[in-house]
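Colleague: Got a structure here, written out as structure tokens. Questions coming.
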Amino acid sequence: MSSFEVRVYPDKLVQRYVAVDTRKSGTVSEVIEAVCEKLGLSDPSDYDLAEICVDAGKCCRERRLLSNENPVRVQQLWPRDVPPSSQSSHHKSFQPCSYTSKYSFFLRKRRSNESFASSSLWTYIPGSNAMDAYFKHFCEVPTNRDFPDLCQLPELNEETLLANIKRRFDDEKIYTYVGSILIAVNPYKFFPIYNPKYVNMYRNHYPGSLPPHIFAIADAAFHTMLREQKNQCIVISGESGSGKTESTNLLLHHLTALSTKSFSPTSGVEQTILGAGPVLEAFGNAVTQHNNNSSRFGKFIQVNYLPNGMVNGAVVEKYLLEKSRIVSHAVNERNYHVFYYLLSGAKSELREKLCLTNAEDYRYLNKSHVVIEGVGEEYEYKRLLQSMEMVGFSLASQQLIFTVLSAVLHIGNITFKRSEQRHADAIGVNDTDTLSVVSDLLQVDMGTLLQALTKRTIFTSRKTQPMKREKIETYYRQSEAVATRDALAKYLYGALFDWIVLQVNLALLVKRDTLTRQQQYDNIKGCYIGVLDIFGFEDFINNSFEQFCINFANEKLQHYFNQHIFKFEQEEYRRESIEWNDIQFIDNSECLELIGRRPTGLLSLLDEECSLASGNADALLLKYERQHSGNIYYERPLMKGTSFIIKHYAGKVKYNVIDFRDKNKDQIHDDVMCVLKKSNSSFVRGLVAQDIVAIFRWSVVRALFRAVAGFKSSIKKKTNNNNNSGHHVLLSSSSEDLPPVEVKVHITDLTPTSTLTPQWGVASMGRIPPSPSQVGPLVKPLPPVRLGVKPPVVPRSGKSMKWLQKLARSHRDVATLQIVAGRQGYTKRLTGKKATVSFQFLTSLQSLMDTLNQAHPFFVRCVRSNSDKAPIIFDNPTVLRQLRYTGMLETVRIRKAGYNYRQTYTDFSYQYKLLLCNGANSTVDDIKMFFTRTGLDVRHYQFGTTKLFLRDNVRSKLQQLLHSEILHRIIFIQRAFRCKLRLRHQQQAAVRLQSVVKMFLVQRRLQQTIAAAILIQSTWRAYDGRQRFLRLRDVVICVQTHARAKLAQRVLATLRADRDKAVTLPVMETSTDPQLPPLPSTDPPLSPISSTDPLLSPLLSTGPPLSPLPYTDPPLSPLPSTGPPLSPLPYTDPPLSPLPSTGPPLSPLPYTDPPLSPLP
């Protein structure tokens, strides 16, 4: 759980406070116990903790805190316009009071007459004397306080400046501001202040709103670029060992994090930028007396951005690699890191393949046995492999790089001796096995290499044969042979480093289809942020040509700093008629003219001496003495020898000119170059190539000729086969009848290879070296192909291209290669005299200064805390010396007295148009009226002729006002939008409610209508059924009546007939006549009507009376609760089935609902 600092004052009249670390949930009792323990008080129960508030210096109130309250939560409720006194950092027990907050905690004696209920009430402190003393302490400026910005120092001198930096360093605060300039003191120890939490903390925060940090500089540069759409640069300077490389890595890390703050995860370009750092450090950094990771080259990393803040590629420019470190270095120093990483981390298979052993076995590495504590070289080797993979180096490319590194190490083990040949001056090598290993690694002929290392070949102007000149061979002296060997090693390593930088630039180049390549590269539609990490000022016991160039570059940067901080600013004050008293500073322009002026500068005289065959160090010193003996920046030591002294801005440095000429020429003999050009390894040939663009073009031409020749050979072969088999094939000469030929040319793994060689013409591109038997003429036949089938592109073993490998388009484009090679300075002249190292360095340095002059600078001053690389040790003389020669005291003075922010009135009106009465069209009078109305201190701003000059505090207040106004308008817009949105929601809710109610009413009305219809239908059906039943009953009764009447009549007739017979006839005896039946004595009873009679059966039915037929309508589907307004629902009952009856069927009753009114 994080802890917070609570500052408690022992008394209201004491200027010092006690800092207590507590949790957020810590109670008052816990804080009182901790304070009493630090103050040595016996009984904590006798004390209370009071919260005191001062209202604008008018009155003082206090409130007693309860024992269960949380002081941290209380002070978090204090107003935000004043920073709270809690922070998560380590502090000492007693520290000076800042008196910057209106609220504070005080420890006091418990009062017996104070009630418990009054503890939460504010009461005024009585006593005018105590009040006066209290306000006096709040107004006093403490003398022992550390200031995050040196411009806030009340008393400005070297002692207070150094004391403030030391006090912050003791509190583990290594960063300090001087206005917008950052001072970074190297603690030689890692602090956990660079994790993602701090990245997010310093995102979109202006420097000064948070404690000083290098992330704040990166954030300020990024947002200034986005806001002003202008290029920015961050210049990191300081001595060797002051932490410039680490600062560069941190800046790049934060800049890439800012570009992905609101987009997808880190893109490939950003990963390449982060991965290029460890690769360049491994090949370009080494251990020196002052630094365990000293950059032995300068680099300028230009990160290109789109207008929306996304990374759009990057460029890395390198300056003056210290190649002499390959062959020699001081006792307490080491060679470049990559050699030790390779020897410690390489696997056994690779070690056996490259013939690698231990570092003690190589002459270039065993001159010192320095061990870096806390650095695992095996881990660094794995980290290097991962970084190379991130940049884009394939496994094959990595093995080729390590092969050249192994060759460089074995070259150093070649030693020479007197030869036993007849020639007295002949020399040879001691160990032919080492020479054989070197020739195998470089894939050159061993005899040719031996001859190039021991003999010099000179061609005279006399011609022995046409087109041939006379050749003279002479043996080297043993020292010359050693120099030739070392020159070969330095040349190979320097060419390898240039090639690696070229591959990094190709990987960082981003292609955009909407722009031309030159526009994409120059980033016309965007801006860039450049980070300069250049070698620091150096002064060793023995200073040579490298230190001379390094210190000259630092002189240039110091001059650039002086121009922007002092000269340009004060000239602008005078030009704008600003009231200003000039501040004197040390101008080093004369020192720059002494070194770099043409044609009398030291470097120009050195080039002149190098052009002479008879030149030497004494003649060079004589020229220096004759030309600059009266210059105040040039001196000769008391013991005159081969040395001279330059009075730099950082002090006097003594240089030895013994190796000036050789290091300035840095030339390798033509014999050795010819050996490398004849190598069977295309990678080695590519390293020594003169022009990679010409190589690429030759490769395209070669590939075209080989493809066409192979195609023709295949067709001819196939035609011959068809003729032999009796089949004749007619081939048209038209190109339309030919199958397509695919010609692919790649820069394999970005490898610039192929050059003109005297042995086989145009060499090819590739990585796998061909055998001598495979090297043939320019045109080779390819295997035959079938007609009608697209001829395959056959890769040639060890030749120029890996046909199946798909690379990015930017790696396969001549124009892209021209841009990168031209920007990096990789393209060399094919004819003419080779430029010296000093000329190339001056050219690249001037290009760097032109680039810096086109951008708005931010400065980071790195300072060494001590000379022994000891962690958390602050050496006052070492730090004070660096502060003196960098002019930091004068910088603080001009930053404190000057106006850091200058804007034209038009730009100011546009930026602060929300605060001005007339907006962006405000005039100078409107701006002056605004400043008067705002109540800003007139001492901190001035109105110039065309610009407005502001200091930090006024700028901060304006930013706060603008921020408040923007927030006010945002809140107003949000309120209006929310009101409109709420009204819309209410309208939608009302409409929905109305629709639901109307739907309910319609449904209820519909249900009532349906129920009424059903009731009417059922009633009508019952009535109709009853009527039909009654009619049927009446008919049945009538039929029965008629039937019974007829039957009765028949019976009656029978009876009458019987009666008549009985009356008219006499009584006679019984007759046996069978024809006449005997008359019954009585009438028989009437038999019932037979039910089998089909006519009478329906009339004789005795069932129950007919009931109305039941009818049930189908269920109605529920209406939707939401949706559009309901349309009128037509309703029609289905037809009723007729009742079983003999009568006519009943027709259905039609029913139609009345139309419903539409819903609104």
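Labels used: A, B, ... for chains in the order of the structure tokens, numbers from 1 for residues in each chain, and numbers from 1 for ligands as shown.
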Which residues, written as a ChimeraX atom specification, have at least one atom at most 9 Å from A:Arg884, with only C-alpha atoms counted and residues fewer than 5 positions away on the same chain left out?
Modeller: /A:158,650,879,889
Colleague: Take the residues that were just selected and, keeping N, CA, C and O atoms, output them as a PDB file, in the first residue's frame.
Modeller:
```pdb
ATOM      1  N   GLU A 158      26.946  30.918  -7.035  1.00  0.00           N
ATOM      2  CA  GLU A 158      27.413  29.550  -7.244  1.00  0.00           C
ATOM      3  C   GLU A 158      27.146  28.670  -6.031  1.00  0.00           C
ATOM      4  O   GLU A 158      26.818  27.489  -6.161  1.00  0.00           O
ATOM      5  N   ALA A 650      35.325  24.242 -21.771  1.00  0.00           N
ATOM      6  CA  ALA A 650      35.349  23.420 -20.561  1.00  0.00           C
ATOM      7  C   ALA A 650      36.720  23.357 -19.917  1.00  0.00           C
ATOM      8  O   ALA A 650      36.882  22.665 -18.910  1.00  0.00           O
ATOM      9  N   VAL A 879      31.065  18.690  -9.798  1.00  0.00           N
ATOM     10  CA  VAL A 879      29.806  19.254 -10.276  1.00  0.00           C
ATOM     11  C   VAL A 879      29.938  20.752 -10.510  1.00  0.00           C
ATOM     12  O   VAL A 879      29.433  21.289 -11.516  1.00  0.00           O
ATOM     13  N   LEU A 889      25.253  29.426 -14.279  1.00  0.00           N
ATOM     14  CA  LEU A 889      24.881  30.571 -13.457  1.00  0.00           C
ATOM     15  C   LEU A 889      24.316  31.686 -14.327  1.00  0.00           C
ATOM     16  O   LEU A 889      23.276  32.283 -13.995  1.00  0.00           O
TER      17      LEU A 889
END
```
Colleague: Can you pull out every residue from stretch 432-626 of chain A that DSSP, working from the backbone, puts in alpha helix (DSSP H), and format the result as a ChimeraX atom specification?
Modeller: /A:432-442,446-454,478-508,517-522,545-562,568-575,589-596,602-610,617-626
Colleague: Hey, what's within 12 Å of A:Ser611 if we count only C-alpha atoms and toss same-chain stuff fewer than 5 positions away? As a PyMOL selection string, please?
Modeller: chain A and resi 604-606+616+620+661-662+664-665+833-836
